[in-house]
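These notes concern the structure reproduced below.
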Amino acid sequence: SQQGEEDPQALSIQEGENATMNCSYKTSINNLQWYRQNSGRGLVHLILIRSNEREKHSGRLRVTLDTSKKSSSLLITASRAADTASYFCATVSGNTPLVFGKGTRLSVIA
Amino acid sequence: EAQVTQNPRYLITVTGKKLTVTCSQNMNHEYMSWYRQDPGLGLRQIYYSMNVEVTDKGDVPEGYKVSRKEKRNFPLILESPSPNQTSLYFCASSAFTGGLPRGYTFGSGTRLTVV
């Protein structure tokens, strides 16, 4: 049961530009989380936003949540080559465990 | 250091030969889970456990077994591996706040090849 769906599937930008990734989901949620995965490695938790929050910041990351549209976005400002990775959104709904989307592959070109 | 430890990192085995992938966490997390990751399919949950002696099936449990006898350990057992279980496997754990999982901590992954 794939809940979140990221868009675009792949994104290529120049170093210093901003990167925006979107996530849409189907059912009501308790919270939504974003993760980063470097090639073949384990996922790393970036940020969690609760259903009653609209925006959250962490360093160069900004996450927004629109529960009326069932969507979230992750903005990475002033991207660096080290930001090259796959980014996943994941949702928590009721008692069901975290359900991940298929991810956005971000390439930051130096 | 807070972490989830999976072993082995790489494993090549033959069809039908039972194997166990171990997972251990040192954060006293209640929740543990196994995922498999395949190209084009993303992460799919195999089994999860809300606490000791409590396990539940995820989206793709067929061909797998788990046990949660201790809070820190959550091994994944393949009784009779088949080539379609060739995949990258991740173990993850999380604490709960207000009955909901917080951010997950993932292990480094186990790349399994079944020939």
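By order in the structure tokens, chains are A, B, ...; within a chain, residues start at 1; ligands start at 1, following the order shown.
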(request) Provide as a list in words the residues of chain B at most 8 Å from chain A, counting only C-alpha atoms. (result)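 The contacting residues on chain B are Gly40, Leu41, Gly42, Leu43, Arg44, Gln45, Tyr48, Asp59, Phe90, Leu100, Pro101, Arg102, Gly103, Tyr104, Thr105, Phe106, Gly107, Ser108 and Gly109 of chain B.
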Store the residues of this selection in a file with N, CA, C and O atoms, as a compact mmCIF listing (two decimals), in the first residue's frame.
# COMPACT_ATOMS: atom_id res chain seq x y z
N GLY B 40 12.32 0.73 -8.86
CA GLY B 40 11.00 1.01 -9.41
C GLY B 40 9.84 0.72 -8.48
O GLY B 40 8.70 1.09 -8.76
N LEU B 41 10.13 0.05 -7.37
CA LEU B 41 9.04 -0.33 -6.44
C LEU B 41 9.16 0.40 -5.11
O LEU B 41 8.26 0.30 -4.27
N GLY B 42 10.25 1.09 -4.89
CA GLY B 42 10.41 1.82 -3.63
C GLY B 42 10.60 0.88 -2.45
O GLY B 42 11.02 -0.27 -2.60
N LEU B 43 10.27 1.38 -1.27
CA LEU B 43 10.39 0.59 -0.05
C LEU B 43 9.07 -0.06 0.27
O LEU B 43 8.05 0.62 0.36
N ARG B 44 9.09 -1.34 0.49
CA ARG B 44 7.88 -2.06 0.84
C ARG B 44 8.09 -2.76 2.17
O ARG B 44 9.12 -3.40 2.38
N GLN B 45 7.11 -2.64 3.02
CA GLN B 45 7.25 -3.19 4.36
C GLN B 45 6.97 -4.68 4.37
O GLN B 45 5.98 -5.16 3.79
N TYR B 48 6.43 -5.81 10.79
CA TYR B 48 6.78 -4.83 11.80
C TYR B 48 6.38 -5.34 13.18
O TYR B 48 5.61 -6.31 13.30
N ASP B 59 3.24 -5.22 3.86
CA ASP B 59 2.66 -5.38 2.53
C ASP B 59 3.13 -6.63 1.80
O ASP B 59 2.42 -7.15 0.96
N PHE B 90 16.24 -3.45 4.59
CA PHE B 90 16.53 -2.49 5.64
C PHE B 90 15.71 -2.81 6.89
O PHE B 90 14.52 -3.09 6.81
N LEU B 100 2.17 7.41 18.43
CA LEU B 100 2.56 7.49 17.02
C LEU B 100 4.07 7.37 16.89
O LEU B 100 4.81 7.87 17.74
N PRO B 101 4.53 6.70 15.82
CA PRO B 101 5.97 6.57 15.64
C PRO B 101 6.62 7.92 15.33
O PRO B 101 6.04 8.75 14.63
N ARG B 102 7.79 8.12 15.86
CA ARG B 102 8.59 9.29 15.54
C ARG B 102 9.47 8.96 14.35
O ARG B 102 9.23 7.98 13.65
N GLY B 103 10.48 9.76 14.10
CA GLY B 103 11.35 9.49 12.97
C GLY B 103 12.04 8.14 13.13
O GLY B 103 12.45 7.76 14.21
N TYR B 104 12.15 7.43 12.02
CA TYR B 104 12.78 6.12 12.02
C TYR B 104 14.30 6.25 11.94
O TYR B 104 14.82 7.11 11.26
N THR B 105 14.97 5.32 12.60
CA THR B 105 16.42 5.14 12.42
C THR B 105 16.61 3.87 11.62
O THR B 105 16.09 2.81 12.01
N PHE B 106 17.33 3.97 10.51
CA PHE B 106 17.52 2.83 9.63
C PHE B 106 18.89 2.22 9.81
O PHE B 106 19.87 2.91 10.12
N GLY B 107 18.96 0.90 9.59
CA GLY B 107 20.24 0.23 9.48
C GLY B 107 20.87 0.53 8.12
O GLY B 107 20.26 1.16 7.26
N SER B 108 22.08 0.03 7.92
CA SER B 108 22.84 0.31 6.70
C SER B 108 22.41 -0.55 5.52
O SER B 108 22.85 -0.31 4.40
N GLY B 109 21.61 -1.55 5.78
CA GLY B 109 21.10 -2.37 4.69
C GLY B 109 21.84 -3.70 4.54
O GLY B 109 23.00 -3.84 4.91
(message) Among chain A, which residues does DSSP mark as strand (DSSP E or B) when it is run on the backbone? Keep the chain and numbering as in the structure and answer as a VMD selection string.
(response) chain A and resid 5 to 7 10 to 14 19 to 24 31 to 37 43 to 50 55 to 58 61 to 66 71 to 76 85 to 93 96 to 100 104 to 109
(message) I'd like the contact shell of Asn73 of chain B - 8 Å cut-off, only C-alpha atoms, skipping same-chain residues fewer than 5 positions apart - returned as a list of chain:residue names.
(response)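 So the residues in contact are B:Thr22, B:Cys23, B:Ser24, B:Gln25, B:Arg68.
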Take the residues that were just selected and, keeping N, CA, C and O atoms, output them as a short mmCIF file (atom, residue, chain, number, x, y, z; two decimals), in the first residue's frame.
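Saved to result.cif:
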data_model
loop_
_atom_site.label_atom_id
_atom_site.label_comp_id
_atom_site.auth_asym_id
_atom_site.auth_seq_id
_atom_site.Cartn_x
_atom_site.Cartn_y
_atom_site.Cartn_z
N THR B 22 20.19 -10.47 10.85
CA THR B 22 19.98 -9.96 12.21
C THR B 22 19.81 -8.45 12.20
O THR B 22 20.33 -7.74 11.32
N CYS B 23 19.07 -7.96 13.17
CA CYS B 23 18.87 -6.52 13.35
C CYS B 23 18.84 -6.25 14.85
O CYS B 23 18.09 -6.90 15.59
N SER B 24 19.62 -5.27 15.26
CA SER B 24 19.67 -4.92 16.68
C SER B 24 19.72 -3.41 16.82
O SER B 24 20.42 -2.73 16.06
N GLN B 25 18.98 -2.87 17.80
CA GLN B 25 19.01 -1.42 18.05
C GLN B 25 19.31 -1.17 19.51
O GLN B 25 18.91 -1.94 20.38
N ARG B 68 10.22 -11.38 17.79
CA ARG B 68 10.64 -10.25 18.65
C ARG B 68 10.60 -10.76 20.10
O ARG B 68 9.68 -10.52 20.86
#
Quick one: everything within 9 Å of Ser73 of chain A, counting only C-alpha atoms, minus sequence neighbours fewer than 3 positions away in the same chain. Send it as a PDB file with C-alpha atoms, in the first residue's frame.
ATOM      1  CA  THR A  20      11.641  21.491  -4.593  1.00  0.00           C
ATOM      2  CA  MET A  21      10.098  18.053  -4.304  1.00  0.00           C
ATOM      3  CA  ASN A  22       6.441  17.298  -3.827  1.00  0.00           C
ATOM      4  CA  CYS A  23       4.586  14.488  -2.153  1.00  0.00           C
ATOM      5  CA  SER A  24       0.921  13.601  -2.516  1.00  0.00           C
ATOM      6  CA  ARG A  62      11.676  23.822   4.513  1.00  0.00           C
ATOM      7  CA  VAL A  63       8.684  21.504   4.571  1.00  0.00           C
ATOM      8  CA  THR A  64       5.104  22.534   3.987  1.00  0.00           C
ATOM      9  CA  LEU A  65       1.964  20.499   4.500  1.00  0.00           C
ATOM     10  CA  ASP A  66      -1.457  21.140   2.979  1.00  0.00           C
TER      11      ASP A  66
END
(message) Could you list, as a list of chain:residue names, every residue within 8 Å of Tyr25 of chain A, counting only C-alpha atoms and ignoring same-chain residues fewer than 2 positions away?
(response)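 Using only C-alpha atoms, the neighbours found are A:Gln3, A:Gly4, A:Glu5, A:Cys23, A:Thr27, A:Lys70, A:Ser71, A:Thr91.
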(message) So, with only C-alpha atoms as the atoms that count, which of B:Arg9, B:Gly58, B:Ser82, B:Val115 lies closest to Val21 of chain B?
(response)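 Closest candidate: B:Arg9.
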(message) Using only C-alpha atoms, can you tell me which of A:Arg105, A:Arg36, A:Arg50, A:His57 comes closest to Ala10 of chain A?
(response)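 Result for the nearest residue to Ala10 of chain A: A:Arg105.
The coordinates place atom CA of Ser39 of chain A at 24.6 Å from atom CA of Phe74 of chain B.
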(request) In Å, rounded to a single decimal, give me how far atom CA of Thr104 of chain A is from atom CA of Glu17 of chain A. (result)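 It comes out at 16.6 Å.
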(message) Between B:Asn28, B:Thr20, B:Gln6, B:Ala95, which residue has the minimum interatomic distance to Glu70 of chain B, considering only C-alpha atoms?
(response)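 Comparing B:Asn28, B:Thr20, B:Gln6, B:Ala95 against Glu70 of chain B, the winner is B:Asn28.
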(request) Could you give me, as a list in words, the residues within 8 Å of Glu30 of chain B, counting only C-alpha atoms and dropping anything in the same chain fewer than 2 positions from it? (result)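 Surrounding residues, per the criterion: Asn28, Met32, Ser49, Met50, Asn51, Val52, Lys71, Ser93, Ser94, Ala95 and Phe96 of chain B.
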(request) Select, from B:Pro39, B:Gly98, B:Pro8, B:Gly63, the residue with the minimum atom-to-atom distance to Pro83 of chain B, counting only C-alpha atoms. (result)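 So, comparing all the options, the nearest one is B:Gly63.
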